[in-house]
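Colleague: Pasting a structure here, questions to come.
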Amino acid sequence: DRFAAFHANAHYTFDRRYSIDATFRYDGSNALGASTSARWLPTWNFGAKWIISNEQFMENVGLINSMGLRVSYGLNATMPPTVNSRAVYYASTSFAPGYAQNIIDLNKLANINLTWEKSYMFNAGFDISILNDRLSLYIDYFRRNSFDLIDMIKTSGIGGEMFKNANYADLKSQGVDITLGGKPVSTKDWTLAMNFTFGYATNVIKNAKNLPQIYELVRSQGGNKNDYAVNSLFSIPFAGLDPKTGIPLFYQPDGSIGMDANMQSQDTDYLVYEGQVDPKFTGGLNTTLRWKSLSMNIFFSYQWGNVVRLNPIFRRNNTDLDAMSLALKDRWMNTGDEKTTNIPSLVDDVGSHVNDLTSVYPYINYNYSDVRVAKGDFIRLKSLSINHDLPGEWLQKTKVFRSASVRVTGKDLWLLYSDKKLNGQDPEFYNTGGVA
């Protein structure tokens, strides 16, 4: 791989009040398409800052220590690791009766049209500090219009490759980050410092040409579909339990009810949209309390605005060595149970009706239905630590150590709030099988 980059920066400040910045880059890489227009790309960025606190009309405002307004706009580019401009070959072996021979396997065709993924990025920010820097506030807003994003696309198969990487998708995203910091207590013996963060981000995919399969959208990681957010989660619409067998039923694309759901189908319009896997809101509260040489740090984290796929509770085969989900205690066992529970019967409970499952297996589909989704909102005590600095007069006697401290730290000690549907599953991790 070969890369080259040329860049120039310019900065100017006038009267400690107004600043402007300009950056220009010209990047090239042979990992992209063979044409010059694909391999080389100019990018740029312009920014400005107004230091309001240095204005004359702010001289008599003793409450404010510093205040500024920032703005920038530019074109950025990235190169994902999935690209290949040349054909990719792998050494392999061909086996035939009585002998074997070395062969070269064509893994990917040359892709001469791949180019950089690009984004127009706008940023605006405001910061202020008051009361001798005892209280500070930072607000940042961003808006990003990305284009020429690379993903797999189905082709006509010319050249022997059905799916190729291509620059075709757009992504529009925006968000806000807020940081509020304060030190309400600051004396010789006592210090109390607090820092609160809040982040909001949203995005939507545009101009996507791919046709995702059902499994790509219902899996725990979510999938990508045009006019939806990145990593959106969909579900197979649950239609209840068969009153005779407790076998799960689902709505079909034509509106009828049946046991089947073709995971390889690209007919995804009938799926239930649950939300995005990535949280829209994130943040935390960090607090540090110090008394002389003893200090304590407490950090709470939170998020909301996302959904979580519940861990699967059914497999194709179960043995006595498997640990079963506690939810199966509430499964369907007799006619009438379908009115009070949405958990299907076990195959053993179905009895003679097991022959109905030869062509389809609805229990796996049930794991990806809309009754197996919970909210990803949570508030958690992320860490708690206590630190003690050893007295300096003790350390001086050793003539070796100038400073030393003892610290005890606990991680993920308390999940204050989460969706009850999680039933012990950790909202931060996928496929943990319970508490992570």
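Starting from 1 in every chain, residues are counted up; chains themselves are A, B, ... following the order of the structure tokens, and ligands are numbered from 1 as listed.
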Pick out the residues sitting within 7 Å of range 388-395 of chain A, and hand them over as a ChimeraX atom specification; count only C-alpha atoms, and ignore anything fewer than 4 positions along from it in its own chain.
Modeller: /A:293-295,399,401-407
Colleague: Let's have the selection written as a PDB file, in the first residue's frame, with N, CA and C atoms.
Modeller:
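Saved the output as result28.pdb:
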ATOM      1  N   SER A 293      -6.245  14.363  52.411  1.00  0.00           N
ATOM      2  CA  SER A 293      -5.563  13.409  51.538  1.00  0.00           C
ATOM      3  C   SER A 293      -6.460  12.252  51.103  1.00  0.00           C
ATOM      4  N   LEU A 294      -7.742  12.334  51.478  1.00  0.00           N
ATOM      5  CA  LEU A 294      -8.691  11.273  51.133  1.00  0.00           C
ATOM      6  C   LEU A 294      -9.665  11.802  50.087  1.00  0.00           C
ATOM      7  N   SER A 295      -9.855  11.046  48.998  1.00  0.00           N
ATOM      8  CA  SER A 295     -10.765  11.480  47.940  1.00  0.00           C
ATOM      9  C   SER A 295     -11.612  10.312  47.461  1.00  0.00           C
ATOM     10  N   LYS A 399      13.314   7.854  52.223  1.00  0.00           N
ATOM     11  CA  LYS A 399      14.341   8.393  51.323  1.00  0.00           C
ATOM     12  C   LYS A 399      14.306   7.706  49.947  1.00  0.00           C
ATOM     13  N   PHE A 401      10.666   7.087  48.296  1.00  0.00           N
ATOM     14  CA  PHE A 401       9.416   7.502  47.665  1.00  0.00           C
ATOM     15  C   PHE A 401       9.137   8.971  47.938  1.00  0.00           C
ATOM     16  N   ARG A 402       8.764   9.674  46.890  1.00  0.00           N
ATOM     17  CA  ARG A 402       8.347  11.065  47.044  1.00  0.00           C
ATOM     18  C   ARG A 402       6.831  11.181  47.201  1.00  0.00           C
ATOM     19  N   SER A 403       6.101  10.234  46.595  1.00  0.00           N
ATOM     20  CA  SER A 403       4.641  10.223  46.730  1.00  0.00           C
ATOM     21  C   SER A 403       4.146   8.793  46.543  1.00  0.00           C
ATOM     22  N   ALA A 404       3.045   8.493  47.204  1.00  0.00           N
ATOM     23  CA  ALA A 404       2.428   7.164  47.088  1.00  0.00           C
ATOM     24  C   ALA A 404       0.972   7.265  47.507  1.00  0.00           C
ATOM     25  N   SER A 405       0.155   6.408  46.959  1.00  0.00           N
ATOM     26  CA  SER A 405      -1.269   6.419  47.286  1.00  0.00           C
ATOM     27  C   SER A 405      -1.823   5.010  47.214  1.00  0.00           C
ATOM     28  N   VAL A 406      -2.938   4.813  47.892  1.00  0.00           N
ATOM     29  CA  VAL A 406      -3.655   3.536  47.903  1.00  0.00           C
ATOM     30  C   VAL A 406      -5.057   3.789  47.361  1.00  0.00           C
ATOM     31  N   ARG A 407      -5.491   2.953  46.410  1.00  0.00           N
ATOM     32  CA  ARG A 407      -6.794   3.180  45.784  1.00  0.00           C
ATOM     33  C   ARG A 407      -7.572   1.871  45.700  1.00  0.00           C
TER      34      ARG A 407
END
Colleague: Name all residues at most 10 Å from range 59-73 of chain A (count only C-alpha atoms; drop same-chain ones fewer than 4 positions away) and give them as number ranges by chain.
Modeller: A: 17-22, 44-55, 120-144
Colleague: Give one line per residue of range 133-185 of chain A that approaches range 210-216 of chain A to at most 10 Å, naming the two atoms of the closest pair and their distance in Å to one decimal, counting only C-alpha atoms; sort by chain then ascending residue number and deliver it as a Markdown table.
Modeller:
| residue | atom | partner | partner_atom | distance |
| --- | --- | --- | --- | --- |
| A:Asp151 | CA | A:Asn210 | CA | 8.0 |
| A:Met152 | CA | A:Asn210 | CA | 7.0 |
| A:Ile153 | CA | A:Asn210 | CA | 5.3 |
| A:Lys154 | CA | A:Asn210 | CA | 7.0 |
| A:Tyr168 | CA | A:Asn210 | CA | 9.1 |
| A:Ala169 | CA | A:Asn210 | CA | 8.9 |
Colleague: Would you compute the distance between CA of Asp370 in chain A and CA of Pro237 in chain A? Give it in Å to one decimal.
Modeller: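 Between CA of Asp370 in chain A and CA of Pro237 in chain A the gap works out to 5.7 Å.
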Colleague: Mind listing the strand (DSSP E) residues of range 87-187 of chain A, per DSSP on the backbone, as a VMD selection string?
Modeller: chain A and resid 88 to 96 99 to 108 117 to 130 135 to 154 163 to 186
Colleague: Would you save the residues from that selection as a CSV table (one decimal), in the first residue's frame, using C-alpha atoms?
Modeller:
chain,number,residue,atom,x,y,z
A,88,VAL,CA,-7.6,-10.3,-4.9
A,89,TYR,CA,-6.2,-13.9,-5.2
A,90,TYR,CA,-5.6,-16.6,-2.6
A,91,ALA,CA,-3.5,-19.8,-2.8
A,92,SER,CA,-5.6,-22.9,-2.5
A,93,THR,CA,-5.6,-26.6,-3.2
A,94,SER,CA,-7.7,-28.7,-5.5
A,95,PHE,CA,-8.3,-32.3,-4.5
A,96,ALA,CA,-9.1,-35.1,-7.0
A,99,TYR,CA,-3.8,-36.5,-6.2
A,100,ALA,CA,-4.0,-32.9,-5.2
A,101,GLN,CA,-2.7,-29.8,-7.0
A,102,ASN,CA,-2.1,-26.1,-6.1
A,103,ILE,CA,-4.5,-23.6,-7.6
A,104,ILE,CA,-5.1,-19.8,-7.4
A,105,ASP,CA,-8.6,-18.8,-6.2
A,106,LEU,CA,-10.1,-15.5,-7.4
A,107,ASN,CA,-11.6,-13.9,-4.3
A,108,LYS,CA,-12.5,-10.5,-5.6
A,117,GLU,CA,-16.1,8.3,1.4
A,118,LYS,CA,-16.7,12.0,1.8
A,119,SER,CA,-18.6,14.3,4.2
A,120,TYR,CA,-19.5,18.0,4.4
A,121,MET,CA,-19.1,18.9,8.1
A,122,PHE,CA,-20.5,21.9,9.9
A,123,ASN,CA,-19.7,22.6,13.6
A,124,ALA,CA,-20.8,25.4,15.9
A,125,GLY,CA,-19.9,25.8,19.5
A,126,PHE,CA,-20.3,28.1,22.5
A,127,ASP,CA,-18.3,28.1,25.7
A,128,ILE,CA,-18.5,30.2,28.9
A,129,SER,CA,-16.8,30.2,32.3
A,130,ILE,CA,-18.0,32.3,35.3
A,135,LEU,CA,-18.7,27.0,36.7
A,136,SER,CA,-18.2,26.3,33.0
A,137,LEU,CA,-20.5,25.4,30.1
A,138,TYR,CA,-19.6,24.0,26.6
A,139,ILE,CA,-22.2,23.5,23.9
A,140,ASP,CA,-21.3,21.9,20.5
A,141,TYR,CA,-23.6,21.3,17.5
A,142,PHE,CA,-22.6,19.3,14.4
A,143,ARG,CA,-24.3,18.5,11.1
A,144,ARG,CA,-22.7,16.1,8.7
A,145,ASN,CA,-23.8,15.3,5.1
A,146,SER,CA,-21.9,12.2,4.0
A,147,PHE,CA,-21.9,10.8,0.5
A,148,ASP,CA,-20.2,8.2,-1.7
A,149,LEU,CA,-20.3,5.8,1.3
A,150,ILE,CA,-19.2,2.3,0.5
A,151,ASP,CA,-21.3,-0.8,1.0
A,152,MET,CA,-22.0,-4.1,-0.8
A,153,ILE,CA,-24.3,-4.0,-3.8
A,154,LYS,CA,-25.8,-6.7,-5.9
A,163,PHE,CA,-21.8,-8.6,-4.9
A,164,LYS,CA,-19.3,-5.8,-5.0
A,165,ASN,CA,-18.3,-2.8,-2.9
A,166,ALA,CA,-19.5,0.5,-4.4
A,167,ASN,CA,-19.8,4.2,-3.5
A,168,TYR,CA,-23.5,4.8,-3.5
A,169,ALA,CA,-25.0,5.7,-0.1
A,170,ASP,CA,-25.6,9.0,1.6
A,171,LEU,CA,-25.9,9.6,5.3
A,172,LYS,CA,-27.3,12.7,7.0
A,173,SER,CA,-26.5,13.1,10.7
A,174,GLN,CA,-26.6,15.8,13.4
A,175,GLY,CA,-26.2,16.1,17.1
A,176,VAL,CA,-25.5,18.2,20.2
A,177,ASP,CA,-22.9,17.7,23.0
A,178,ILE,CA,-23.2,19.6,26.3
A,179,THR,CA,-20.7,19.6,29.1
A,180,LEU,CA,-21.5,21.4,32.4
A,181,GLY,CA,-18.7,21.5,34.9
A,182,GLY,CA,-18.4,23.1,38.3
A,183,LYS,CA,-16.4,23.3,41.5
A,184,PRO,CA,-18.9,24.5,44.1
A,185,VAL,CA,-16.5,23.8,47.0
A,186,SER,CA,-12.7,24.6,46.9
